[in-house]
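Chemist: My questions all concern the structure below.
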Amino acid sequence: AVPEVTAEYANLDATSICDGRTVVISASVVAGTGVTGGEIYTWYRNDEVIEGVNGPVLIDNPMSVDNEPMVYHYAVSVRQAASGCESEISHGLDNITVNPNPTIALVADPIVCVAEEGNVVLTANVFPTPVTEVSYLWFEDNDTITTTSANTLTLTKPYRDYPYSFSVMLVNDYGCQSIAEAQVSVNDTPVVNITATEYNICVGGEITLSATLNDWNADMLTFQWSDNGQEIPGATMLHYTVVPTEGTHNYTLTVNQLTSGCVGSSNTVEVVVNP
């Protein structure tokens, strides 16, 4: 007696799925057909034999191709060792369409300054570009911020001593989704305090100016000393030693954090040089 085989999807309730979804198909011999014993199943994907699968359950991970939907047709036959008979190939399963997930990257400056309005700018770059209007769902530290139709979100965030974690989720034209993440550190404006070894000297005397900074989460600092509002050429270290000319000198220090753009200005130190 020739067996008949039937199959059904075990884990799908729709015939249109997204990349990454597993397909599970269960097959069995129709009751009252064939001679039970030693069943060997042959599975087909788009009319090609799937090698290495001979049991009644197929687990497959079909994918889209080149960011375009791909249609898959599954079929199965069974051979019973007890009788040596083989069924016809069953093509009763509905086709499965596998749709691509969007490729999304979240771009942001990794270090920004607290002093700037709109200091955090998040941009979601999507490939392929959506052909219809889509919605971007934005998150901060895993909490929902807002939903936008634009792929850019601008925020003003205060300083904190650990990074903000942002993410964005996009559902594309096929109903498939992807999530991208980015971290942004918001630096505080540096607090700069300067002192001098002497504040009242005579011509020919030497002073050393020194700066201390508050503790903040950044490196790549540049320093520029100024005298009476004019930058001093070459005075670009945390300490500056000089033999000032006669008169009154008002020294300041500007500190720039290169990656965030934060700029801190010091107090003013007055040094009087007597004749």
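Ordering of the structure tokens sets the chain letters (A, B, ...); residue numbers start at 1 within each chain; ligands are numbered from 1 in the order shown.
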Enumerate, in order of chain and increasing residue number, the residues of region 36-76 of chain A with an atom no farther than 12 Å from region 83-90 of chain A, each with its shortest atom pair and distance in Å to one decimal, counting only C-alpha atoms, as JSON lines.
Modeler:
{"residue": "A:Thr36", "atom": "CA", "partner": "A:Ser83", "partner_atom": "CA", "distance": 8.2}
{"residue": "A:Gly37", "atom": "CA", "partner": "A:Ser83", "partner_atom": "CA", "distance": 8.1}
{"residue": "A:Gly38", "atom": "CA", "partner": "A:Ser83", "partner_atom": "CA", "distance": 9.0}
{"residue": "A:Glu39", "atom": "CA", "partner": "A:Glu86", "partner_atom": "CA", "distance": 9.3}
{"residue": "A:Ile40", "atom": "CA", "partner": "A:Glu86", "partner_atom": "CA", "distance": 9.1}
{"residue": "A:Tyr41", "atom": "CA", "partner": "A:Glu86", "partner_atom": "CA", "distance": 9.4}
{"residue": "A:Thr42", "atom": "CA", "partner": "A:Ile89", "partner_atom": "CA", "distance": 8.7}
{"residue": "A:Trp43", "atom": "CA", "partner": "A:Ile89", "partner_atom": "CA", "distance": 9.0}
{"residue": "A:Tyr44", "atom": "CA", "partner": "A:Ile89", "partner_atom": "CA", "distance": 8.9}
{"residue": "A:Arg45", "atom": "CA", "partner": "A:Ile89", "partner_atom": "CA", "distance": 11.9}
{"residue": "A:Asp47", "atom": "CA", "partner": "A:Ile89", "partner_atom": "CA", "distance": 10.0}
{"residue": "A:Glu48", "atom": "CA", "partner": "A:Ile89", "partner_atom": "CA", "distance": 11.9}
{"residue": "A:Val49", "atom": "CA", "partner": "A:Ile89", "partner_atom": "CA", "distance": 11.3}
{"residue": "A:His73", "atom": "CA", "partner": "A:Ser90", "partner_atom": "CA", "distance": 11.1}
{"residue": "A:Tyr74", "atom": "CA", "partner": "A:Ser90", "partner_atom": "CA", "distance": 8.9}
{"residue": "A:Ala75", "atom": "CA", "partner": "A:Ser90", "partner_atom": "CA", "distance": 5.5}
{"residue": "A:Val76", "atom": "CA", "partner": "A:Ser90", "partner_atom": "CA", "distance": 5.4}
Chemist: What's the 10 Å shell around region 57-70 of chain A, counting only C-alpha atoms, without same-chain residues fewer than 5 positions away, as a VMD selection string?
Modeler: chain A and resid 7 to 10 16 to 28 41 to 45 50 76 96 to 103 127 to 128 174
Chemist: Quick one: residues within 6 Å of Ala211 (chain A), only C-alpha atoms, excluding same-chain residues fewer than 4 positions away - as a ChimeraX atom specification?
Modeler: /A:193-194,238
Chemist: Which residues are near Asp219 (chain A)? Cut-off 12 Å, only C-alpha atoms, ignore same chain within fewer than 6 positions. Put them as a list of chain:residue names.
Modeler: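 Once the nearby chain positions are removed, what remains is A:Ile111, A:Asn187, A:Pro190, A:Leu213, A:Val255, A:Asn256, A:Gln257, A:Leu258, A:Thr259, A:Ser260, A:Gly261, A:Cys262.
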Chemist: Contacts of Asn172 (chain A) at 7 Å or less, counting only C-alpha atoms, minus same-chain residues fewer than 4 places along, as a ChimeraX atom specification?
Modeler: /A:102,130,134,176-177
Chemist: Those same residues - N, CA and C atoms - I'd like them written as an mmCIF file, in the first residue's frame.
Modeler:
data_model
loop_
_atom_site.group_PDB
_atom_site.id
_atom_site.type_symbol
_atom_site.label_atom_id
_atom_site.label_comp_id
_atom_site.auth_asym_id
_atom_site.auth_seq_id
_atom_site.Cartn_x
_atom_site.Cartn_y
_atom_site.Cartn_z
ATOM 1 N N PRO A 102 14.643 45.991 8.136
ATOM 2 C CA PRO A 102 15.411 47.185 7.763
ATOM 3 C C PRO A 102 16.800 47.138 8.390
ATOM 4 N N PRO A 130 13.080 53.797 3.119
ATOM 5 C CA PRO A 130 11.639 53.481 3.048
ATOM 6 C C PRO A 130 10.957 54.222 1.902
ATOM 7 N N VAL A 134 7.266 56.126 7.373
ATOM 8 C CA VAL A 134 7.382 55.160 8.466
ATOM 9 C C VAL A 134 7.495 55.907 9.780
ATOM 10 N N CYS A 176 8.325 44.638 9.147
ATOM 11 C CA CYS A 176 9.471 44.064 9.867
ATOM 12 C C CYS A 176 10.219 45.175 10.596
ATOM 13 N N GLN A 177 10.830 44.840 11.724
ATOM 14 C CA GLN A 177 11.441 45.868 12.559
ATOM 15 C C GLN A 177 12.898 45.571 12.873
#
Chemist: Determine which residues of region 4-168 of chain A DSSP labels as strand (DSSP E or B) from the backbone of this structure, then write them out as a PyMOL selection string.
Modeler: chain A and resi 5-9+16-18+23-29+39-45+48-49+57-60+65+68+70-72+74-80+85-86+90+96-99+103-107+111-113+120-127+136-140+143-148+152-155+164-168
Chemist: Quick one: of A:Val35, A:Met169, A:Leu122, A:Val112, who's nearest to Thr154 (chain A), counting only C-alpha atoms?
Modeler: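 Comparing A:Val35, A:Met169, A:Leu122, A:Val112 against Thr154 (chain A), the winner is A:Leu122.
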Chemist: What is the distance between CA of Asp143 (chain A) and CA of Gly175 (chain A), in Å to one decimal?
Modeler: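 That distance, rounded to one decimal, is 22.2 Å.
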Chemist: One decimal, Å: what's the distance from CA of Val126 (chain A) over to CA of Asn151 (chain A), could you say?
Modeler: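 Answer for the CA of Val126 (chain A) to CA of Asn151 (chain A) separation: 8.6 Å.
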Chemist: Quick one: distance from CA of Pro233 (chain A) to CA of Leu253 (chain A) in Å, one decimal?
Modeler: 12.7 Å
